[in-house]
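J.: One file is attached below, final_12.tsv, containing TSV, C-alpha atoms and all ligand atoms.
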chain	number	residue	atom	x	y	z
A	723	MET	CA	36.61	-2.06	10.28
A	724	VAL	CA	40.27	-2.92	10.71
A	725	ALA	CA	42.42	-2.68	7.58
A	726	LEU	CA	43.49	-6.12	6.33
A	727	ARG	CA	47.28	-6.54	6.49
A	728	SER	CA	48.42	-7.78	3.13
A	729	PRO	CA	51.39	-7.30	0.80
A	730	ALA	CA	49.06	-7.13	-2.22
A	731	MET	CA	45.38	-7.00	-3.10
A	732	PHE	CA	43.80	-7.51	-6.52
A	733	ILE	CA	40.48	-6.30	-7.88
A	734	SER	CA	38.96	-6.12	-11.37
A	735	ASP	CA	35.72	-5.84	-13.31
A	736	LEU	CA	33.97	-3.33	-11.10
A	737	HIS	CA	32.33	-1.85	-14.21
A	738	LEU	CA	31.53	1.42	-12.40
A	739	LYS	CA	28.76	3.31	-14.17
A	740	SER	CA	28.14	6.40	-12.09
A	741	GLU	CA	29.04	8.26	-8.95
A	742	ASP	CA	26.01	6.86	-7.08
A	743	ASP	CA	26.41	3.28	-8.31
A	744	VAL	CA	26.39	0.80	-5.36
A	745	HIS	CA	29.74	-0.55	-6.62
A	746	THR	CA	31.21	2.94	-6.42
A	747	ARG	CA	30.10	3.14	-2.78
A	748	ILE	CA	31.66	-0.28	-2.11
A	749	LEU	CA	34.92	0.79	-3.77
A	750	LEU	CA	35.13	4.05	-1.82
A	751	ARG	CA	34.62	2.19	1.47
A	752	PHE	CA	37.15	-0.48	0.48
A	753	LEU	CA	39.76	2.17	-0.43
A	754	ARG	CA	39.15	4.01	2.85
A	755	GLU	CA	38.90	1.12	5.28
A	756	GLU	CA	40.45	-2.10	4.00
A	757	ALA	CA	42.91	-1.26	1.25
A	758	PRO	CA	45.12	0.93	3.52
A	759	GLY	CA	46.37	-2.38	4.99
A	760	ALA	CA	47.78	-3.42	1.60
A	761	GLY	CA	51.33	-2.84	0.46
A	762	ARG	CA	50.12	-2.72	-3.13
A	763	LEU	CA	46.72	-2.58	-4.82
A	764	PHE	CA	46.43	-3.96	-8.35
A	765	VAL	CA	43.39	-3.00	-10.43
A	766	LEU	CA	43.27	-5.48	-13.31
A	767	GLY	CA	41.00	-3.62	-15.67
A	768	ASP	CA	37.36	-2.77	-16.27
A	769	LEU	CA	37.34	-0.45	-13.28
A	770	PHE	CA	34.90	1.58	-15.40
A	771	GLU	CA	32.01	0.33	-17.53
A	772	ALA	CA	32.98	2.78	-20.25
A	773	TYR	CA	35.88	5.16	-20.67
A	774	VAL	CA	36.21	7.61	-23.53
A	775	GLY	CA	39.14	9.73	-22.40
A	776	ASP	CA	40.77	11.45	-19.43
A	777	ASP	CA	39.05	14.71	-20.44
A	778	ASP	CA	35.58	13.28	-19.62
A	779	GLY	CA	34.07	15.54	-16.97
A	780	ASP	CA	31.89	12.79	-15.44
A	781	PRO	CA	32.05	13.26	-11.63
A	782	LEU	CA	32.62	9.49	-11.31
A	783	LEU	CA	36.16	9.90	-12.63
A	784	ALA	CA	36.99	12.66	-10.16
A	785	VAL	CA	35.54	10.75	-7.20
A	786	VAL	CA	37.48	7.56	-8.04
A	787	ALA	CA	40.73	9.40	-8.82
A	788	ASP	CA	40.54	11.33	-5.53
A	789	ALA	CA	39.86	8.16	-3.52
A	790	LEU	CA	42.78	6.33	-5.17
A	791	HIS	CA	44.99	9.35	-4.57
A	792	ALA	CA	44.05	9.36	-0.88
A	793	LEU	CA	44.96	5.67	-0.65
A	794	ALA	CA	48.31	6.26	-2.38
A	795	ALA	CA	48.98	9.00	0.19
A	796	MET	CA	48.74	6.25	2.84
A	797	ASP	CA	51.76	4.53	1.28
A	798	VAL	CA	49.85	2.01	-0.79
A	799	GLU	CA	51.29	1.53	-4.27
A	800	ILE	CA	48.49	1.41	-6.82
A	801	ALA	CA	48.89	-0.15	-10.26
A	802	PHE	CA	46.44	-0.49	-13.12
A	803	VAL	CA	46.20	-2.88	-16.06
A	804	HIS	CA	43.79	-1.77	-18.79
A	805	GLY	CA	40.57	-3.67	-19.38
A	806	ASN	CA	38.58	-3.85	-22.60
A	807	ARG	CA	36.21	-1.14	-21.28
A	808	ASP	CA	38.75	1.33	-19.95
A	809	PHE	CA	41.69	0.85	-22.33
A	810	LEU	CA	41.64	4.61	-22.99
A	811	LEU	CA	42.46	5.44	-19.39
A	812	GLY	CA	45.59	7.50	-19.83
A	813	LYS	CA	48.42	9.22	-18.07
A	814	ALA	CA	46.34	12.21	-16.96
A	815	PHE	CA	43.94	10.03	-14.95
A	816	ALA	CA	46.78	7.82	-13.70
A	817	ASP	CA	48.68	10.88	-12.45
A	818	ARG	CA	45.57	12.29	-10.83
A	819	ALA	CA	44.99	8.96	-9.04
A	820	ASN	CA	48.71	8.55	-8.32
A	821	MET	CA	48.75	5.09	-9.86
A	822	LEU	CA	51.11	3.32	-12.18
A	823	LEU	CA	49.99	2.03	-15.59
A	824	LEU	CA	51.27	-1.49	-16.21
A	825	PRO	CA	51.50	-3.36	-19.53
A	826	ASP	CA	49.31	-6.42	-20.15
A	827	PRO	CA	50.63	-8.97	-19.29
A	828	CYS	CA	53.17	-8.08	-16.64
A	829	VAL	CA	55.11	-9.92	-13.98
A	830	ILE	CA	55.18	-8.89	-10.33
A	831	ASP	CA	56.97	-10.29	-7.33
A	832	LEU	CA	54.65	-11.68	-4.68
A	833	ALA	CA	56.35	-12.93	-1.51
A	834	GLY	CA	59.47	-13.75	-3.50
A	835	LYS	CA	57.66	-15.54	-6.33
A	836	PRO	CA	56.86	-14.22	-9.82
A	837	VAL	CA	53.17	-13.86	-10.63
A	838	LEU	CA	51.78	-13.02	-14.07
A	839	LEU	CA	48.99	-10.40	-14.19
A	840	SER	CA	46.60	-9.66	-17.04
A	841	HIS	CA	43.13	-8.30	-17.61
A	842	GLY	CA	42.51	-11.65	-19.30
A	843	ASP	CA	40.85	-10.80	-22.61
A	844	ARG	CA	44.13	-11.47	-24.45
A	845	TYR	CA	43.57	-15.19	-23.73
A	846	CYS	CA	40.07	-15.30	-25.28
A	847	THR	CA	41.53	-16.38	-28.60
A	848	ASP	CA	38.62	-18.68	-29.54
A	849	ASP	CA	36.55	-15.56	-30.17
A	850	ARG	CA	38.18	-14.46	-33.41
A	851	GLU	CA	35.83	-11.54	-33.98
A	852	TYR	CA	36.57	-10.17	-30.49
A	853	MET	CA	40.33	-10.51	-31.02
A	854	ARG	CA	40.09	-8.51	-34.27
A	855	TRP	CA	38.12	-5.79	-32.50
A	856	ARG	CA	40.61	-5.83	-29.62
A	857	ALA	CA	43.56	-5.38	-31.97
A	858	GLN	CA	41.90	-2.31	-33.47
A	859	MET	CA	41.00	-0.74	-30.11
A	860	ARG	CA	44.56	-1.26	-28.83
A	861	ASP	CA	46.12	0.30	-31.93
A	862	ARG	CA	47.88	3.57	-31.04
A	863	ASP	CA	46.87	5.34	-34.26
A	864	TRP	CA	43.24	4.31	-33.88
A	865	GLN	CA	43.30	5.53	-30.27
A	866	SER	CA	44.78	8.93	-31.06
A	867	GLY	CA	42.30	9.39	-33.92
A	868	PHE	CA	39.45	8.47	-31.59
A	869	LEU	CA	40.65	10.74	-28.77
A	870	GLY	CA	40.75	13.60	-31.30
A	871	GLN	CA	36.99	13.40	-31.76
A	872	PRO	CA	34.59	15.51	-29.69
A	873	LEU	CA	33.55	13.98	-26.36
A	874	ALA	CA	29.92	13.56	-27.44
A	875	ALA	CA	30.95	11.57	-30.52
A	876	ARG	CA	33.22	9.36	-28.40
A	877	LYS	CA	30.39	8.72	-25.93
A	878	ALA	CA	28.01	7.81	-28.74
A	879	PHE	CA	30.61	5.40	-30.16
A	880	ALA	CA	31.12	3.76	-26.73
A	881	GLU	CA	27.36	3.31	-26.40
A	882	ARG	CA	27.15	1.62	-29.81
A	883	ALA	CA	30.19	-0.56	-29.04
A	884	ARG	CA	28.60	-1.74	-25.79
A	885	ALA	CA	25.37	-2.64	-27.56
A	886	ALA	CA	27.27	-4.48	-30.30
A	887	SER	CA	29.30	-6.36	-27.67
A	888	ALA	CA	26.16	-7.42	-25.79
A	889	GLU	CA	24.66	-8.62	-29.08
A	890	HIS	CA	27.87	-10.53	-29.94
A	891	GLN	CA	28.07	-12.15	-26.46
A	892	LYS	CA	24.48	-13.35	-26.77
A	893	ASP	CA	25.37	-15.55	-29.74
A	894	LEU	CA	28.53	-17.02	-28.23
A	895	SER	CA	28.74	-20.38	-26.53
A	896	ALA	CA	30.20	-20.30	-23.01
A	897	GLY	CA	33.38	-22.03	-24.23
A	898	ILE	CA	34.15	-19.46	-26.88
A	899	SER	CA	33.83	-16.43	-24.60
A	900	ASP	CA	36.13	-18.02	-21.98
A	901	VAL	CA	39.92	-18.09	-22.16
A	902	ASN	CA	41.62	-20.63	-24.40
A	903	ALA	CA	43.55	-23.04	-22.12
A	904	ALA	CA	46.35	-23.62	-24.66
A	905	THR	CA	46.88	-19.85	-25.03
A	906	VAL	CA	47.15	-19.46	-21.25
A	907	GLU	CA	49.48	-22.45	-20.91
A	908	GLY	CA	51.69	-21.24	-23.78
A	909	GLU	CA	52.14	-17.89	-22.12
A	910	LEU	CA	52.85	-19.36	-18.67
A	911	ARG	CA	55.50	-21.62	-20.26
A	912	LEU	CA	56.98	-18.68	-22.16
A	913	PHE	CA	57.35	-16.68	-18.93
A	914	GLY	CA	58.28	-19.74	-16.85
A	915	ILE	CA	55.70	-18.75	-14.26
A	916	ASP	CA	53.25	-20.96	-12.38
A	917	THR	CA	50.72	-18.39	-11.14
A	918	LEU	CA	48.44	-16.17	-13.23
A	919	ILE	CA	45.84	-13.72	-11.93
A	920	HIS	CA	43.30	-12.21	-14.34
A	921	GLY	CA	39.73	-10.97	-14.59
A	922	HIS	CA	37.51	-10.22	-17.59
A	923	THR	CA	35.53	-13.47	-17.91
A	924	HIS	CA	33.38	-12.89	-14.80
A	925	ARG	CA	33.87	-16.57	-13.93
A	926	PRO	CA	35.63	-16.51	-10.56
A	927	ALA	CA	37.57	-19.72	-10.00
A	928	CYS	CA	41.01	-21.12	-9.35
A	929	HIS	CA	42.02	-23.40	-12.21
A	930	GLN	CA	44.92	-25.86	-12.42
A	931	HIS	CA	46.89	-26.06	-15.67
A	932	ASP	CA	49.30	-28.83	-16.58
A	933	LEU	CA	52.34	-27.22	-18.21
A	934	GLY	CA	53.86	-30.60	-19.00
A	935	GLY	CA	55.80	-31.59	-15.94
A	936	SER	CA	54.69	-28.80	-13.66
A	937	MET	CA	51.34	-27.47	-12.55
A	938	ALA	CA	50.25	-23.85	-12.71
A	939	ARG	CA	47.43	-22.08	-10.97
A	940	ARG	CA	45.15	-19.53	-12.66
A	941	TRP	CA	43.10	-17.29	-10.40
A	942	VAL	CA	40.12	-15.63	-12.06
A	943	LEU	CA	38.91	-12.55	-10.22
A	944	SER	CA	35.21	-11.99	-9.68
A	945	ASP	CA	33.30	-9.16	-11.27
A	946	TRP	CA	31.45	-6.97	-8.77
A	947	ARG	CA	27.86	-8.13	-8.63
A	948	GLY	CA	25.90	-6.39	-5.90
A	949	HIS	CA	28.86	-6.91	-3.61
A	950	GLY	CA	32.53	-6.49	-4.39
A	951	GLU	CA	35.43	-8.88	-4.15
A	952	ALA	CA	39.17	-8.61	-3.65
A	953	LEU	CA	41.80	-11.32	-3.93
A	954	VAL	CA	44.06	-10.79	-0.93
A	955	ALA	CA	47.58	-12.17	-0.49
A	956	ASP	CA	49.03	-12.96	2.91
A	957	GLU	CA	52.71	-12.55	3.86
A	958	ARG	CA	53.55	-15.93	2.29
A	959	GLY	CA	51.77	-15.06	-0.95
A	960	THR	CA	48.79	-17.33	-0.25
A	961	LEU	CA	45.71	-15.90	-1.93
A	962	SER	CA	42.14	-15.80	-0.66
A	963	ARG	CA	38.94	-14.07	-1.67
A	964	VAL	CA	37.35	-11.38	0.46
A	965	SER	CA	33.82	-10.12	-0.14
A	966	LEU	CA	33.27	-6.38	0.05
A	967	PHE	CA	30.09	-4.56	0.97
A	968	ALA	CA	28.89	-0.96	1.01
A	1001	MN	MN	36.83	-7.17	-19.55
Could you show the structure in this file as structure tokens?
T.:
Amino acid sequence: MVALRSPAMFISDLHLKSEDDVHTRILLRFLREEAPGAGRLFVLGDLFEAYVGDDDGDPLLAVVADALHALAAMDVEIAFVHGNRDFLLGKAFADRANMLLLPDPCVIDLAGKPVLLSHGDRYCTDDREYMRWRAQMRDRDWQSGFLGQPLAARKAFAERARAASAEHQKDLSAGISDVNAATVEGELRLFGIDTLIHGHTHRPACHQHDLGGSMARRWVLSDWRGHGEALVADERGTLSRVSLFA
């Protein structure tokens, strides 16, 4: 397999569960064979299905950190935006993987044009209960209190949170769990940017938004579902989807 030549690649929502997960195998092959052709690799959150702290001894973390580190050693810049599953991924893991932690949202330059990046859950403002939960999880004091608990207690909490989230999702209409268009458009106007790339919703698409006089494009990354997917930019910044296999 020849590495794809690209200034930037984007992936999100791998939801890796274990070292022998098929998606972990796909990621490791992608990082070894295709991603070395990228100038930059952006991981837009939910790399892991659950993440309770950098001190977790799960071999999955070591395997992924080592593979990212090997890619970074091939002169690929790696950057990470937190998802709602792995928002506790901290500096220790980032250093081990040799990747940069970016704020959500953030602006990058792609072929001379600004592009806004986000995990995407910040735009799901119709789901009020989720937004309240999100605000708590992203609170620094809550996070340091949580990280001070024993690993087993943190894992038990993550398990309960996942079950509660699945229960909550079940009762939501499709519209409520998706992004709110006005929230997206307000932010694009605020930044003065016409391209947004995000994940989270697991509804891969490329949407057009009317910002009142100008049009913007919103790329939604695919979750990994049996196969993987990367959004790959060419030298002119044109984006296309590439399927990834083990
Ligand atoms: Mn998510």
J.: Find the distance between atom CA of Asp843 of chain A and atom MN of ligand MN 1001 (chain A) and write it in Å to one decimal.
T.: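 A separation of 6.2 Å between them.
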J.: Name all residues at most 8 Å from segment 791-802 of chain A (count all atoms listed in the file; drop same-chain ones fewer than 3 positions away) and give them as a ChimeraX atom specification.
T.: /A:753-754,757-758,760-767,787-788,818-824
J.: Please compute the atom CA of Arg751 of chain A-atom CA of Leu943 of chain A distance, one decimal, in Å.
T.: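 We find that atom CA of Arg751 of chain A and atom CA of Leu943 of chain A lie 19.3 Å from each other.
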J.: Quick one: residues within 8 Å of ligand MN 1001 (chain A), with only C-alpha atoms and all ligand atoms, as a PyMOL selection string?
T.: chain A and resi 735+767-768+805-807+841-843+921-923
J.: With distances taken over only C-alpha atoms, which residue among A:Thr746, A:Ser944, A:Thr960, A:Ser740 lies nearest Tyr773 of chain A?
T.: A:Ser740
J.: Applying 10 Å and only C-alpha atoms, which residues near Trp941 of chain A remain after dropping the ones on its own chain fewer than 2 positions away? List them as number ranges by chain.
T.: A: 839, 917-921, 925-930, 938-939, 943-944, 953, 961-962
J.: Could those residues be written to a file, using C-alpha atoms, as a tab-separated table (two decimals), in the coordinates of the input?
T.:
chain	number	residue	atom	x	y	z
A	839	LEU	CA	48.99	-10.40	-14.19
A	917	THR	CA	50.72	-18.39	-11.14
A	918	LEU	CA	48.44	-16.17	-13.23
A	919	ILE	CA	45.84	-13.72	-11.93
A	920	HIS	CA	43.30	-12.21	-14.34
A	921	GLY	CA	39.73	-10.97	-14.59
A	925	ARG	CA	33.87	-16.57	-13.93
A	926	PRO	CA	35.63	-16.51	-10.56
A	927	ALA	CA	37.57	-19.72	-10.00
A	928	CYS	CA	41.01	-21.12	-9.35
A	929	HIS	CA	42.02	-23.40	-12.21
A	930	GLN	CA	44.92	-25.86	-12.42
A	938	ALA	CA	50.25	-23.85	-12.71
A	939	ARG	CA	47.43	-22.08	-10.97
A	943	LEU	CA	38.91	-12.55	-10.22
A	944	SER	CA	35.21	-11.99	-9.68
A	953	LEU	CA	41.80	-11.32	-3.93
A	961	LEU	CA	45.71	-15.90	-1.93
A	962	SER	CA	42.14	-15.80	-0.66
J.: From the list A:Leu838, A:Val954, A:Ala880, A:Leu894, which residue is nearest Leu910 of chain A when using all atoms listed in the file?
T.: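 Going through A:Leu838, A:Val954, A:Ala880, A:Leu894 one by one, the smallest distance to Leu910 of chain A is for A:Leu838.
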J.: Excluding same-chain residues fewer than 2 positions from Gly834 of chain A, what lies within 9 Å of it counting all atoms listed in the file, as a PyMOL selection string?
T.: chain A and resi 831-832+836+958-959
J.: Take the residues just selected and output them with C-alpha atoms as an mmCIF file, keeping the file's coordinate frame.
T.:
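Writing done, so here's again00.cif:
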data_model
loop_
_atom_site.group_PDB
_atom_site.id
_atom_site.type_symbol
_atom_site.label_atom_id
_atom_site.label_comp_id
_atom_site.auth_asym_id
_atom_site.auth_seq_id
_atom_site.Cartn_x
_atom_site.Cartn_y
_atom_site.Cartn_z
ATOM 1 C CA ASP A 831 56.970 -10.290 -7.330
ATOM 2 C CA LEU A 832 54.650 -11.680 -4.680
ATOM 3 C CA PRO A 836 56.860 -14.220 -9.820
ATOM 4 C CA ARG A 958 53.550 -15.930 2.290
ATOM 5 C CA GLY A 959 51.770 -15.060 -0.950
#
J.: Find the spatial neighbours of Pro872 of chain A, counting all atoms listed in the file, within a cut-off of 12 Å - ignore same-chain residues fewer than 5 positions away - and output them as a ChimeraX atom specification.
T.: /A:774-775,777-778,867,877-879
